[in-house]
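Colleague: So I've got this file, final.tsv, and it contains TSV, C-alpha atoms:
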```tsv
chain	number	residue	atom	x	y	z
A	1	MET	CA	55.42	17.76	115.56
A	2	LEU	CA	54.63	20.45	118.13
A	3	THR	CA	51.17	20.89	116.65
A	4	LEU	CA	50.52	17.17	117.07
A	5	VAL	CA	51.71	17.23	120.70
A	6	PHE	CA	49.54	20.22	121.62
A	7	SER	CA	46.57	18.74	119.74
A	8	ALA	CA	46.84	15.48	121.67
A	9	ALA	CA	47.27	17.25	125.02
A	10	THR	CA	44.26	19.48	124.35
A	11	ALA	CA	42.15	16.51	123.23
A	12	LEU	CA	42.91	14.68	126.49
A	13	LEU	CA	42.03	17.78	128.51
A	14	ALA	CA	38.76	18.11	126.59
A	15	VAL	CA	37.84	14.48	127.30
A	16	ALA	CA	38.66	14.89	131.01
A	17	THR	CA	36.56	18.07	131.08
A	18	LEU	CA	33.55	16.50	129.39
A	19	MET	CA	33.51	13.25	131.37
A	20	PRO	CA	31.66	14.62	134.45
A	21	THR	CA	28.86	15.90	132.18
A	22	ILE	CA	27.88	12.28	131.51
A	23	ARG	CA	25.08	11.28	133.88
A	24	SER	CA	26.53	7.98	134.94
A	25	GLY	CA	27.55	6.63	138.32
A	26	ALA	CA	30.47	4.62	136.92
A	27	TRP	CA	33.61	5.23	138.98
A	28	TRP	CA	35.78	5.88	135.91
A	29	ILE	CA	33.46	8.76	134.98
A	30	ARG	CA	32.81	10.14	138.46
A	31	CYS	CA	36.55	10.29	139.23
A	32	PHE	CA	36.85	13.24	136.85
A	33	ASP	CA	34.76	15.32	139.29
A	34	PHE	CA	37.74	15.47	141.62
A	35	PRO	CA	40.79	17.02	139.89
A	36	ARG	CA	39.21	20.17	138.47
A	37	LEU	CA	41.90	22.44	139.90
A	38	GLN	CA	44.65	20.16	138.59
A	39	LEU	CA	43.04	20.03	135.14
A	40	LEU	CA	42.71	23.82	135.13
A	41	LEU	CA	46.41	24.19	135.93
A	42	LEU	CA	47.32	21.69	133.20
A	43	SER	CA	45.28	23.71	130.70
A	44	VAL	CA	47.14	26.85	131.71
A	45	LEU	CA	50.48	25.07	131.34
A	46	VAL	CA	49.60	23.73	127.89
A	47	LEU	CA	48.42	27.16	126.77
A	48	VAL	CA	51.55	28.92	128.01
A	49	LEU	CA	53.84	26.38	126.35
A	50	GLN	CA	51.90	26.52	123.12
A	51	LEU	CA	52.04	30.31	122.93
A	52	ALA	CA	55.74	30.24	123.75
A	53	LEU	CA	56.77	27.47	121.35
A	54	ARG	CA	54.27	27.50	118.49
A	55	PRO	CA	53.38	30.70	116.59
A	56	VAL	CA	49.67	31.31	116.12
A	57	GLU	CA	49.62	31.40	112.35
A	58	ASP	CA	46.94	28.97	111.17
A	59	ALA	CA	43.32	28.08	111.89
A	60	TRP	CA	44.22	24.69	113.40
A	61	THR	CA	46.41	26.30	116.06
A	62	VAL	CA	43.69	28.86	116.82
A	63	GLY	CA	41.19	26.02	117.17
A	64	ILE	CA	43.42	24.17	119.64
A	65	ILE	CA	43.76	27.33	121.72
A	66	VAL	CA	40.01	27.96	121.70
A	67	VAL	CA	39.27	24.40	122.89
A	68	ASN	CA	41.88	24.66	125.62
A	69	VAL	CA	40.59	28.02	126.84
A	70	ALA	CA	37.03	26.63	126.86
A	71	CYS	CA	38.21	23.74	129.07
A	72	MET	CA	40.00	26.18	131.33
A	73	LEU	CA	36.96	28.41	131.76
A	74	TRP	CA	34.65	25.43	132.38
A	75	GLN	CA	36.88	24.06	135.15
A	76	ALA	CA	37.25	27.54	136.64
A	77	TRP	CA	33.45	27.95	136.78
A	78	TRP	CA	33.14	24.91	139.06
A	79	ILE	CA	35.90	25.80	141.50
A	80	PHE	CA	35.52	29.61	141.52
A	81	PRO	CA	33.09	29.61	144.50
A	82	TYR	CA	35.82	27.94	146.56
A	83	THR	CA	38.26	30.81	146.10
A	84	ARG	CA	38.57	34.09	147.95
A	85	LEU	CA	37.41	35.88	144.81
A	86	ALA	CA	33.84	34.71	145.41
A	87	ARG	CA	31.38	36.20	147.87
A	88	VAL	CA	31.09	34.26	151.12
A	89	GLU	CA	27.92	32.23	151.55
A	90	VAL	CA	28.11	32.12	155.36
A	91	GLU	CA	28.63	35.37	157.22
A	92	ASP	CA	31.26	35.82	159.92
A	93	ALA	CA	29.81	35.39	163.39
A	94	PRO	CA	29.17	38.55	165.41
A	95	ASP	CA	31.47	38.79	168.42
A	96	SER	CA	28.47	38.53	170.73
A	97	ALA	CA	26.93	35.49	169.02
A	98	GLN	CA	26.19	32.64	171.43
A	99	PRO	CA	26.02	29.71	171.85
A	100	ARG	CA	28.93	28.35	169.87
A	101	LEU	CA	29.78	24.88	168.67
A	102	ARG	CA	33.31	23.71	167.82
A	103	LEU	CA	33.54	20.50	165.79
A	104	LEU	CA	36.65	18.54	164.80
A	105	ALA	CA	36.32	15.85	162.11
A	106	SER	CA	39.04	13.40	161.14
A	107	ASN	CA	39.33	10.40	158.87
A	108	VAL	CA	41.99	8.66	160.94
A	109	LEU	CA	42.89	5.90	158.40
A	110	THR	CA	42.33	2.52	160.03
A	111	THR	CA	45.94	1.35	159.55
A	112	ASN	CA	47.37	4.56	161.01
A	113	ARG	CA	48.84	3.89	164.45
A	114	ASN	CA	49.88	7.46	165.33
A	115	ALA	CA	46.85	8.06	167.52
A	116	GLU	CA	48.76	10.44	169.81
A	117	LEU	CA	48.93	13.02	167.02
A	118	LEU	CA	45.14	13.26	166.82
A	119	LEU	CA	44.67	13.03	170.58
A	120	ALA	CA	47.08	15.93	171.05
A	121	GLN	CA	45.14	18.05	168.58
A	122	VAL	CA	41.87	17.32	170.34
A	123	ARG	CA	43.36	18.32	173.69
A	124	LYS	CA	44.85	21.46	172.15
A	125	HIS	CA	41.72	22.70	170.36
A	126	ARG	CA	39.18	21.29	172.85
A	127	PRO	CA	36.26	20.79	170.42
A	128	ASP	CA	32.72	20.31	171.66
A	129	VAL	CA	32.33	17.44	169.20
A	130	LEU	CA	34.82	14.99	167.70
A	131	ILE	CA	33.82	12.89	164.68
A	132	ALA	CA	36.30	10.16	163.75
A	133	VAL	CA	35.82	7.77	160.84
A	134	GLU	CA	37.65	4.64	159.66
A	135	THR	CA	37.84	3.70	163.34
A	136	ASP	CA	38.20	0.14	164.61
A	137	SER	CA	38.49	-1.32	168.11
A	138	TRP	CA	42.15	-0.29	168.35
A	139	TRP	CA	41.20	3.32	167.66
A	140	GLU	CA	38.29	3.12	170.07
A	141	GLU	CA	40.62	2.26	172.95
A	142	ARG	CA	42.75	5.35	172.19
A	143	LEU	CA	39.83	7.70	171.59
A	144	ASP	CA	38.20	6.61	174.85
A	145	THR	CA	41.09	8.31	176.67
A	146	LEU	CA	39.39	11.59	175.71
A	147	ARG	CA	36.36	10.85	177.86
A	148	ASP	CA	37.56	13.32	180.49
A	149	LEU	CA	37.02	16.11	177.89
A	150	LEU	CA	34.25	14.52	175.84
A	151	PRO	CA	32.27	12.27	178.20
A	152	HIS	CA	29.37	11.38	175.88
A	153	ALA	CA	30.02	8.96	173.03
A	154	MET	CA	28.53	7.00	170.17
A	155	ARG	CA	30.83	4.17	169.10
A	156	CYS	CA	30.66	1.90	166.09
A	157	PRO	CA	34.05	0.17	165.60
A	158	LEU	CA	34.40	-1.71	162.31
A	159	ASP	CA	37.25	-3.41	160.47
A	160	ASN	CA	35.98	-2.52	156.99
A	161	LEU	CA	37.27	1.11	156.86
A	162	TYR	CA	33.81	2.44	157.76
A	163	GLY	CA	33.86	2.47	161.56
A	164	MET	CA	32.62	5.70	163.10
A	165	HIS	CA	32.92	7.32	166.52
A	166	LEU	CA	31.44	10.50	167.92
A	167	TYR	CA	32.55	12.06	171.22
A	168	THR	CA	31.04	15.19	172.73
A	169	ARG	CA	30.93	17.19	175.93
A	170	LEU	CA	27.30	18.12	175.16
A	171	PRO	CA	24.25	16.14	176.29
A	172	MET	CA	22.90	13.86	173.54
A	173	HIS	CA	19.27	13.14	172.68
A	174	ASP	CA	17.69	10.73	170.17
A	175	ALA	CA	21.09	9.23	169.39
A	176	GLU	CA	21.15	6.43	166.85
A	177	ILE	CA	23.26	4.77	164.21
A	178	ARG	CA	21.51	4.05	160.93
A	179	TYR	CA	22.39	2.03	157.85
A	180	LEU	CA	20.71	4.21	155.27
A	181	VAL	CA	21.70	2.34	152.13
A	182	GLU	CA	24.30	-0.38	152.74
A	183	ASP	CA	24.30	-2.75	155.71
A	184	ASP	CA	28.01	-2.20	156.47
A	185	ILE	CA	28.10	1.59	156.08
A	186	PRO	CA	26.88	3.34	159.27
A	187	SER	CA	25.95	6.94	159.85
A	188	ILE	CA	25.41	8.74	163.16
A	189	HIS	CA	22.35	10.88	163.86
A	190	VAL	CA	22.00	12.74	167.14
A	191	THR	CA	20.48	15.85	168.70
A	192	LEU	CA	22.94	17.85	170.79
A	193	GLU	CA	21.96	20.19	173.59
A	194	LEU	CA	24.08	23.34	173.42
A	195	ASP	CA	24.99	25.54	176.35
A	196	GLY	CA	21.83	27.40	177.25
A	197	GLY	CA	19.53	24.58	176.22
A	198	ARG	CA	19.18	25.09	172.44
A	199	ARG	CA	19.20	21.85	170.46
A	200	VAL	CA	20.94	21.09	167.17
A	201	ALA	CA	20.59	18.06	164.88
A	202	LEU	CA	23.93	16.55	163.81
A	203	HIS	CA	24.36	13.96	161.05
A	204	ALA	CA	27.77	12.32	160.58
A	205	LEU	CA	28.29	10.51	157.28
A	206	HIS	CA	30.95	8.42	155.54
A	207	PRO	CA	29.48	6.81	152.40
A	208	ARG	CA	31.44	4.41	150.22
A	209	PRO	CA	33.27	6.10	147.31
A	210	PRO	CA	33.11	5.15	143.65
A	211	SER	CA	36.49	3.56	142.95
A	212	PRO	CA	37.89	0.32	141.49
A	213	THR	CA	38.70	-0.95	145.00
A	214	GLU	CA	35.50	0.14	146.78
A	215	SER	CA	32.48	0.33	144.49
A	216	ASP	CA	31.95	0.14	140.74
A	217	GLY	CA	29.66	3.15	140.87
A	218	SER	CA	28.51	6.10	142.94
A	219	GLN	CA	24.87	5.02	143.23
A	220	GLU	CA	24.96	4.08	146.93
A	221	ARG	CA	26.90	7.21	147.92
A	222	ASP	CA	24.58	9.42	145.90
A	223	ALA	CA	21.48	7.78	147.39
A	224	GLU	CA	22.74	8.29	150.95
A	225	LEU	CA	23.30	11.99	150.31
A	226	VAL	CA	19.84	12.33	148.77
A	227	ILE	CA	18.19	10.56	151.72
A	228	VAL	CA	19.93	12.79	154.25
A	229	GLY	CA	19.34	15.91	152.18
A	230	ARG	CA	15.62	15.28	152.02
A	231	ALA	CA	15.40	14.53	155.75
A	232	VAL	CA	17.37	17.64	156.68
A	233	LYS	CA	15.03	19.84	154.64
A	234	GLU	CA	12.14	18.75	156.89
A	235	SER	CA	14.01	19.38	160.15
A	236	THR	CA	12.62	21.93	162.59
A	237	LEU	CA	15.99	22.20	164.36
A	238	PRO	CA	19.23	23.87	163.29
A	239	VAL	CA	21.18	21.23	161.36
A	240	ILE	CA	24.80	20.24	160.76
A	241	VAL	CA	25.94	17.51	158.35
A	242	ALA	CA	29.62	16.57	158.60
A	243	GLY	CA	32.06	13.86	157.65
A	244	ASP	CA	34.08	12.35	154.85
A	245	LEU	CA	31.55	12.27	152.02
A	246	ASN	CA	34.02	10.77	149.53
A	247	ASP	CA	33.00	13.48	147.11
A	248	VAL	CA	34.32	16.94	146.29
A	249	ALA	CA	32.50	20.11	147.22
A	250	TRP	CA	31.86	21.14	143.60
A	251	SER	CA	30.55	17.84	142.21
A	252	ARG	CA	27.06	17.50	140.78
A	253	THR	CA	26.18	15.08	143.60
A	254	THR	CA	27.24	17.39	146.41
A	255	ARG	CA	25.54	20.34	144.74
A	256	LEU	CA	22.37	18.22	144.50
A	257	PHE	CA	22.65	17.42	148.21
A	258	ARG	CA	22.94	21.14	149.00
A	259	LYS	CA	19.94	21.94	146.84
A	260	LEU	CA	17.79	19.27	148.47
A	261	SER	CA	18.84	20.10	152.02
A	262	GLY	CA	19.08	23.89	151.79
A	263	LEU	CA	22.32	23.76	153.79
A	264	LEU	CA	25.14	26.26	153.42
A	265	ASP	CA	28.87	25.68	152.85
A	266	PRO	CA	31.17	27.88	154.97
A	267	ARG	CA	34.06	27.28	152.54
A	268	ILE	CA	32.43	29.28	149.76
A	269	GLY	CA	34.34	32.55	149.39
A	270	ARG	CA	37.02	31.38	151.81
A	271	GLY	CA	38.93	28.52	150.16
A	272	MET	CA	38.88	24.84	149.28
A	273	TYR	CA	40.30	23.46	152.55
A	274	ASN	CA	41.65	20.39	150.75
A	275	THR	CA	41.85	17.51	153.22
A	276	PHE	CA	42.86	14.60	150.94
A	277	HIS	CA	45.47	13.34	150.01
A	278	ALA	CA	47.79	14.34	152.88
A	279	ARG	CA	50.74	12.52	151.27
A	280	LEU	CA	50.30	13.94	147.75
A	281	PRO	CA	50.51	17.76	147.78
A	282	GLY	CA	49.84	18.03	144.05
A	283	LEU	CA	46.71	15.86	144.20
A	284	ARG	CA	44.48	17.28	146.90
A	285	TRP	CA	40.80	18.09	147.03
A	286	PRO	CA	38.09	18.74	149.67
A	287	LEU	CA	36.64	15.38	150.76
A	288	ASP	CA	35.86	16.20	154.41
A	289	HIS	CA	32.87	18.49	154.72
A	290	LEU	CA	30.69	20.43	157.09
A	291	PHE	CA	27.40	21.88	155.89
A	292	HIS	CA	24.89	23.68	158.10
A	293	SER	CA	21.52	25.38	158.07
A	294	THR	CA	21.08	29.14	157.86
A	295	HIS	CA	20.86	29.35	161.67
A	296	PHE	CA	24.66	29.40	161.95
A	297	THR	CA	27.41	31.87	161.18
A	298	LEU	CA	31.13	31.10	161.04
A	299	VAL	CA	33.53	31.81	163.89
A	300	GLY	CA	36.49	30.06	162.28
A	301	MET	CA	37.57	27.18	160.08
A	302	GLN	CA	40.95	25.56	159.57
A	303	ARG	CA	42.62	22.48	158.21
A	304	LEU	CA	44.72	20.99	160.97
A	305	PRO	CA	48.22	19.47	160.65
A	306	ASP	CA	48.99	15.91	159.62
A	307	VAL	CA	47.96	13.16	162.05
A	308	GLY	CA	49.50	10.24	160.13
A	309	SER	CA	46.38	9.64	158.02
A	310	ASP	CA	45.83	10.19	154.31
A	311	HIS	CA	43.34	12.90	155.40
A	312	PHE	CA	44.00	16.11	157.30
A	313	PRO	CA	41.54	16.82	160.15
A	314	ILE	CA	39.32	19.85	159.83
A	315	LEU	CA	38.16	22.14	162.65
A	316	VAL	CA	35.07	24.35	162.34
A	317	GLU	CA	33.53	26.65	164.92
A	318	LEU	CA	30.00	27.94	164.38
A	319	ALA	CA	27.79	30.36	166.26
A	320	LEU	CA	24.05	29.97	166.50
A	321	SER	CA	22.92	33.36	165.21
A	322	PRO	CA	19.75	33.13	163.09
A	323	GLY	CA	19.02	35.97	160.69
A	324	GLU	CA	22.64	36.94	160.00
A	325	ASN	CA	22.97	35.13	156.67
A	326	ASP	CA	21.54	36.36	153.38
A	327	ALA	CA	18.02	35.05	152.95
A	328	ASP	CA	18.92	33.99	149.39
A	329	ALA	CA	22.11	32.14	150.38
A	330	GLY	CA	22.47	28.55	149.26
A	331	LEU	CA	21.14	26.60	146.29
A	332	ASP	CA	17.54	25.81	145.33
A	333	ALA	CA	16.26	22.56	143.85
A	334	ASP	CA	14.19	22.64	140.66
A	335	ALA	CA	12.10	19.91	139.04
A	336	ASP	CA	15.11	18.42	137.26
A	337	ASP	CA	17.01	18.23	140.56
A	338	GLN	CA	14.11	16.43	142.18
A	339	ALA	CA	14.00	13.98	139.29
A	340	GLN	CA	17.75	13.34	139.61
A	341	ALA	CA	17.34	12.78	143.34
A	342	GLN	CA	14.55	10.24	142.82
A	343	ALA	CA	16.59	8.45	140.17
A	344	ALA	CA	19.58	8.28	142.53
A	345	VAL	CA	17.49	6.58	145.21
A	346	GLU	CA	15.91	4.17	142.75
A	347	ASP	CA	19.29	3.22	141.26
A	348	ALA	CA	20.83	2.29	144.61
A	349	THR	CA	20.79	-1.22	146.02
A	350	PHE	CA	19.44	-1.15	149.55
A	351	SER	CA	20.22	-3.50	152.41
A	352	THR	CA	18.56	-3.47	155.81
A	353	SER	CA	20.48	-6.08	157.80
A	354	GLY	CA	22.78	-3.90	159.89
A	355	SER	CA	25.66	-5.79	161.48
A	356	ALA	CA	27.82	-3.31	163.37
A	357	THR	CA	27.93	-2.82	167.10
A	358	LEU	CA	26.32	0.33	168.50
A	359	ARG	CA	27.37	1.74	171.86
A	360	ALA	CA	26.07	5.13	172.94
A	361	ASP	CA	26.66	6.52	176.38
```
Take the structure in the file and give it back as structure tokens.

Modeller:
Amino acid sequence: MLTLVFSAATALLAVATLMPTIRSGAWWIRCFDFPRLQLLLLSVLVLVLQLALRPVEDAWTVGIIVVNVACMLWQAWWIFPYTRLARVEVEDAPDSAQPRLRLLASNVLTTNRNAELLLAQVRKHRPDVLIAVETDSWWEERLDTLRDLLPHAMRCPLDNLYGMHLYTRLPMHDAEIRYLVEDDIPSIHVTLELDGGRRVALHALHPRPPSPTESDGSQERDAELVIVGRAVKESTLPVIVAGDLNDVAWSRTTRLFRKLSGLLDPRIGRGMYNTFHARLPGLRWPLDHLFHSTHFTLVGMQRLPDVGSDHFPILVELALSPGENDADAGLDADADDQAQAQAAVEDATFSTSGSATLRAD
């Protein structure tokens, strides 16, 4: 009986482990990208129980253990870079490095009405840039009270869970909202002028996730990341891409984005910084991201306390200090990656009739 139980448990773990290797955008396949840490811990639990309760005395039992250990090692390979055991990809900023940029990003959850919690955090940490997503007109009224700290704004309130607002104390140039793939999914693109006059390109994203309630597949999300990744690669300015990407840091899609863009991930070697789900401690993964070009080093990064949303806010401070990072840091795209990127764009359904309201001032 115990052999049957451990065989079934290991078979399920093997299926969950193999699912993300299938090159399909279907939500029921892509969802297995997310819980790699949880699946790793389940493998460890099954292994410990099996060794404690079932003597290793036949080939079948050995085979079960081998399959389970293989699953465990495969999951560990994907999440290892996001542990403190790995080497950091982004160097710590020198004390003298200037100018600096502090960015706070928060998926506020449209139905959340505890705006004061987020407003208090903004006033406490005084970021140079605030990116808020899932914002509607109600949230816009509350966020506008921050204009004394962050006088410049780009505002796109929507009632479809994809509204987006950006507030900053820095002068903005070339500010625009684009609908890169879907006509109801905006993204913000702006050049910020840092203290001292240096300019930085900032892209704020919030693509639609693959899920039974949002989208049958990941094609539109994947295409948006490819489009931005390709554009970023051609930028002559230092670049930051931030927002709720509705994808985990270790997924094939996010890795492809990093390869195409050449951007670095400050979490590598420092931790996962799981921001979702705030209400489910056992089911959390990193959905809110900040990637940047090699021009920046890291001053500090932290996940902030609960603001009533299903996401925790994240606060990142960077220093503009070119030449400090390893020249070989980051990921490189090969021919297969380029082919995957082209396929992702071709598979997506594009719309061009944007319908949201844009207000930048």

Colleague: Could you give me, as a ChimeraX atom specification, the residues within 9 Å of region 132-146 of chain A, counting all atoms listed in the file and dropping anything in the same chain fewer than 6 positions from it?

Modeller: /A:104-111,113,115-116,119,122-123,153,155-167,205-206,243-244

Colleague: Edge lengths and centre in Å to one decimal, as JSON, of the axis-aligned box that encloses all listed atoms of region 252-267 of chain A with 4 Å added on every side?

Modeller:
```
{"center_x": 25.9, "center_y": 21.5, "center_z": 147.9, "size_x": 24.3, "size_y": 20.8, "size_z": 22.2}
```

Colleague: Is it possible to get the residues within 10 Å of (42.9, 13.4, 149.1) (coordinates as in the file, counting all atoms listed in the file) written as a PyMOL selection string?

Modeller: chain A and resi 34+246+248+274-288+310-312

Colleague: Work out how far apart CA of Gly229 (chain A) and CA of Leu260 (chain A) are and give it in Å to one decimal.

Modeller: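 Separating CA of Gly229 (chain A) from CA of Leu260 (chain A) is a distance of 5.2 Å.
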
Colleague: Kindly assemble as JSON lines a list of the region 54-100 of chain A residues that lie within 12 Å of region 261-266 of chain A, each paired with its nearest atom pair and their distance in Å to one decimal, using all atoms listed in the file, sorted first by chain and then by ascending residue number.

Modeller:
```
{"residue": "A:Pro81", "atom": "CA", "partner": "A:Asp265", "partner_atom": "CA", "distance": 10.1}
{"residue": "A:Tyr82", "atom": "CA", "partner": "A:Pro266", "partner_atom": "CA", "distance": 9.6}
{"residue": "A:Thr83", "atom": "CA", "partner": "A:Pro266", "partner_atom": "CA", "distance": 11.7}
{"residue": "A:Arg84", "atom": "CA", "partner": "A:Pro266", "partner_atom": "CA", "distance": 11.9}
{"residue": "A:Arg87", "atom": "CA", "partner": "A:Pro266", "partner_atom": "CA", "distance": 10.9}
{"residue": "A:Val88", "atom": "CA", "partner": "A:Pro266", "partner_atom": "CA", "distance": 7.5}
{"residue": "A:Glu89", "atom": "CA", "partner": "A:Pro266", "partner_atom": "CA", "distance": 6.4}
{"residue": "A:Val90", "atom": "CA", "partner": "A:Pro266", "partner_atom": "CA", "distance": 5.2}
{"residue": "A:Glu91", "atom": "CA", "partner": "A:Pro266", "partner_atom": "CA", "distance": 8.2}
{"residue": "A:Asp92", "atom": "CA", "partner": "A:Pro266", "partner_atom": "CA", "distance": 9.4}
{"residue": "A:Ala93", "atom": "CA", "partner": "A:Pro266", "partner_atom": "CA", "distance": 11.4}
```

Colleague: So how far away is CA of Asp347 (chain A) from CA of Ala26 (chain A), in Å?

Modeller: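 CA of Asp347 (chain A) lies 12.1 Å from CA of Ala26 (chain A).
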
Colleague: Give me the region 98-126 of chain A side of the contact with region 186-194 of chain A, cut-off 10 Å, one line per residue showing its nearest atom pair and distance in Å at one decimal, counting all atoms listed in the file, sorted by chain and residue number, as a tab-separated table.

Modeller:
```
residue	atom	partner	partner_atom	distance
A:Gln98	CA	A:Leu194	CA	9.7
A:Pro99	CA	A:Leu194	CA	6.8
A:Arg100	CA	A:Leu194	CA	7.8
A:Leu101	CA	A:Leu194	CA	7.6
```

Colleague: Can you measure CA of Leu298 (chain A) to CA of Leu225 (chain A) for me? One decimal in Å is fine.

Modeller: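 CA of Leu225 (chain A) lies at a distance of 23.3 Å from CA of Leu298 (chain A).
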
Colleague: May I ask which of the residues A:Arg270, A:Phe296, A:Gln219, A:Arg258 is the closest one to Leu331 (chain A), counting all atoms listed in the file?

Modeller: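 Result for the nearest residue to Leu331 (chain A): A:Arg258.
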
Colleague: Measuring between all atoms listed in the file, which one of A:Phe291, A:Trp250, A:Phe257, A:Tyr179 shows the shortest distance to Pro20 (chain A)?

Modeller: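 Residue with the minimum atom-to-atom distance to Pro20 (chain A): A:Trp250.
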
Colleague: Name the residues in contact with Asp222 (chain A) at a cut-off of 8 Å, using only C-alpha atoms, excluding same-chain residues fewer than 5 positions from it; report them as number ranges by chain.

Modeller: A: 253, 344-345

Colleague: Using all atoms listed in the file, which of the listed residues (A:Asp95, A:Arg126, A:Ala341, A:Met72) sits closest to Asp148 (chain A)?

Modeller: A:Arg126

Colleague: Using all atoms listed in the file, which of the listed residues (A:Trp60, A:Ile131, A:Cys31, A:Tyr273) sits closest to Met154 (chain A)?

Modeller: A:Ile131

Colleague: So, with all atoms listed in the file as the atoms that count, which of A:Arg102, A:Gly196, A:Ala97, A:Pro212 lies closest to Gly300 (chain A)?

Modeller: A:Arg102

Colleague: With N, CA, C and O atoms as the target, complete region 196-211 of chain A and hand it back as a PDB file, keeping the file's coordinate frame.

Modeller:
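Once written, selection_30.pdb looks like this:
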```pdb
ATOM      1  N   GLY A 196      23.007  26.552 177.268  1.00  0.00           N
ATOM      2  CA  GLY A 196      21.830  27.400 177.250  1.00  0.00           C
ATOM      3  C   GLY A 196      20.565  26.664 176.884  1.00  0.00           C
ATOM      4  O   GLY A 196      19.473  27.222 176.968  1.00  0.00           O
ATOM      5  N   GLY A 197      20.706  25.400 176.435  1.00  0.00           N
ATOM      6  CA  GLY A 197      19.530  24.580 176.220  1.00  0.00           C
ATOM      7  C   GLY A 197      19.066  24.428 174.779  1.00  0.00           C
ATOM      8  O   GLY A 197      18.214  23.574 174.493  1.00  0.00           O
ATOM      9  N   ARG A 198      19.590  25.246 173.834  1.00  0.00           N
ATOM     10  CA  ARG A 198      19.180  25.090 172.440  1.00  0.00           C
ATOM     11  C   ARG A 198      19.651  23.744 171.898  1.00  0.00           C
ATOM     12  O   ARG A 198      20.722  23.255 172.240  1.00  0.00           O
ATOM     13  N   ARG A 199      18.868  23.155 171.008  1.00  0.00           N
ATOM     14  CA  ARG A 199      19.200  21.850 170.460  1.00  0.00           C
ATOM     15  C   ARG A 199      19.514  21.947 168.966  1.00  0.00           C
ATOM     16  O   ARG A 199      18.912  22.756 168.245  1.00  0.00           O
ATOM     17  N   VAL A 200      20.454  21.102 168.541  1.00  0.00           N
ATOM     18  CA  VAL A 200      20.940  21.090 167.170  1.00  0.00           C
ATOM     19  C   VAL A 200      20.985  19.644 166.687  1.00  0.00           C
ATOM     20  O   VAL A 200      21.446  18.756 167.419  1.00  0.00           O
ATOM     21  N   ALA A 201      20.520  19.398 165.473  1.00  0.00           N
ATOM     22  CA  ALA A 201      20.590  18.060 164.880  1.00  0.00           C
ATOM     23  C   ALA A 201      21.923  17.904 164.149  1.00  0.00           C
ATOM     24  O   ALA A 201      22.295  18.750 163.330  1.00  0.00           O
ATOM     25  N   LEU A 202      22.637  16.829 164.446  1.00  0.00           N
ATOM     26  CA  LEU A 202      23.930  16.550 163.810  1.00  0.00           C
ATOM     27  C   LEU A 202      23.858  15.202 163.099  1.00  0.00           C
ATOM     28  O   LEU A 202      23.435  14.197 163.689  1.00  0.00           O
ATOM     29  N   HIS A 203      24.292  15.185 161.848  1.00  0.00           N
ATOM     30  CA  HIS A 203      24.360  13.960 161.050  1.00  0.00           C
ATOM     31  C   HIS A 203      25.800  13.761 160.602  1.00  0.00           C
ATOM     32  O   HIS A 203      26.371  14.627 159.930  1.00  0.00           O
ATOM     33  N   ALA A 204      26.393  12.629 160.962  1.00  0.00           N
ATOM     34  CA  ALA A 204      27.770  12.320 160.580  1.00  0.00           C
ATOM     35  C   ALA A 204      27.745  11.193 159.555  1.00  0.00           C
ATOM     36  O   ALA A 204      27.186  10.119 159.808  1.00  0.00           O
ATOM     37  N   LEU A 205      28.371  11.432 158.404  1.00  0.00           N
ATOM     38  CA  LEU A 205      28.290  10.510 157.280  1.00  0.00           C
ATOM     39  C   LEU A 205      29.677  10.085 156.802  1.00  0.00           C
ATOM     40  O   LEU A 205      30.656  10.823 156.947  1.00  0.00           O
ATOM     41  N   HIS A 206      29.734   8.892 156.209  1.00  0.00           N
ATOM     42  CA  HIS A 206      30.950   8.420 155.540  1.00  0.00           C
ATOM     43  C   HIS A 206      30.551   7.364 154.512  1.00  0.00           C
ATOM     44  O   HIS A 206      30.796   6.166 154.693  1.00  0.00           O
ATOM     45  N   PRO A 207      29.915   7.785 153.404  1.00  0.00           N
ATOM     46  CA  PRO A 207      29.480   6.810 152.400  1.00  0.00           C
ATOM     47  C   PRO A 207      30.652   6.215 151.631  1.00  0.00           C
ATOM     48  O   PRO A 207      31.746   6.778 151.595  1.00  0.00           O
ATOM     49  N   ARG A 208      30.406   5.094 150.999  1.00  0.00           N
ATOM     50  CA  ARG A 208      31.440   4.410 150.220  1.00  0.00           C
ATOM     51  C   ARG A 208      31.692   5.169 148.915  1.00  0.00           C
ATOM     52  O   ARG A 208      30.748   5.565 148.225  1.00  0.00           O
ATOM     53  N   PRO A 209      32.971   5.348 148.531  1.00  0.00           N
ATOM     54  CA  PRO A 209      33.270   6.100 147.310  1.00  0.00           C
ATOM     55  C   PRO A 209      33.191   5.244 146.059  1.00  0.00           C
ATOM     56  O   PRO A 209      33.356   4.023 146.122  1.00  0.00           O
ATOM     57  N   PRO A 210      32.967   5.869 144.910  1.00  0.00           N
ATOM     58  CA  PRO A 210      33.110   5.150 143.650  1.00  0.00           C
ATOM     59  C   PRO A 210      34.598   5.006 143.312  1.00  0.00           C
ATOM     60  O   PRO A 210      35.301   6.003 143.149  1.00  0.00           O
ATOM     61  N   SER A 211      35.078   3.792 143.264  1.00  0.00           N
ATOM     62  CA  SER A 211      36.490   3.560 142.950  1.00  0.00           C
ATOM     63  C   SER A 211      36.655   2.089 142.594  1.00  0.00           C
ATOM     64  O   SER A 211      35.818   1.261 142.968  1.00  0.00           O
TER      65      SER A 211
END
```
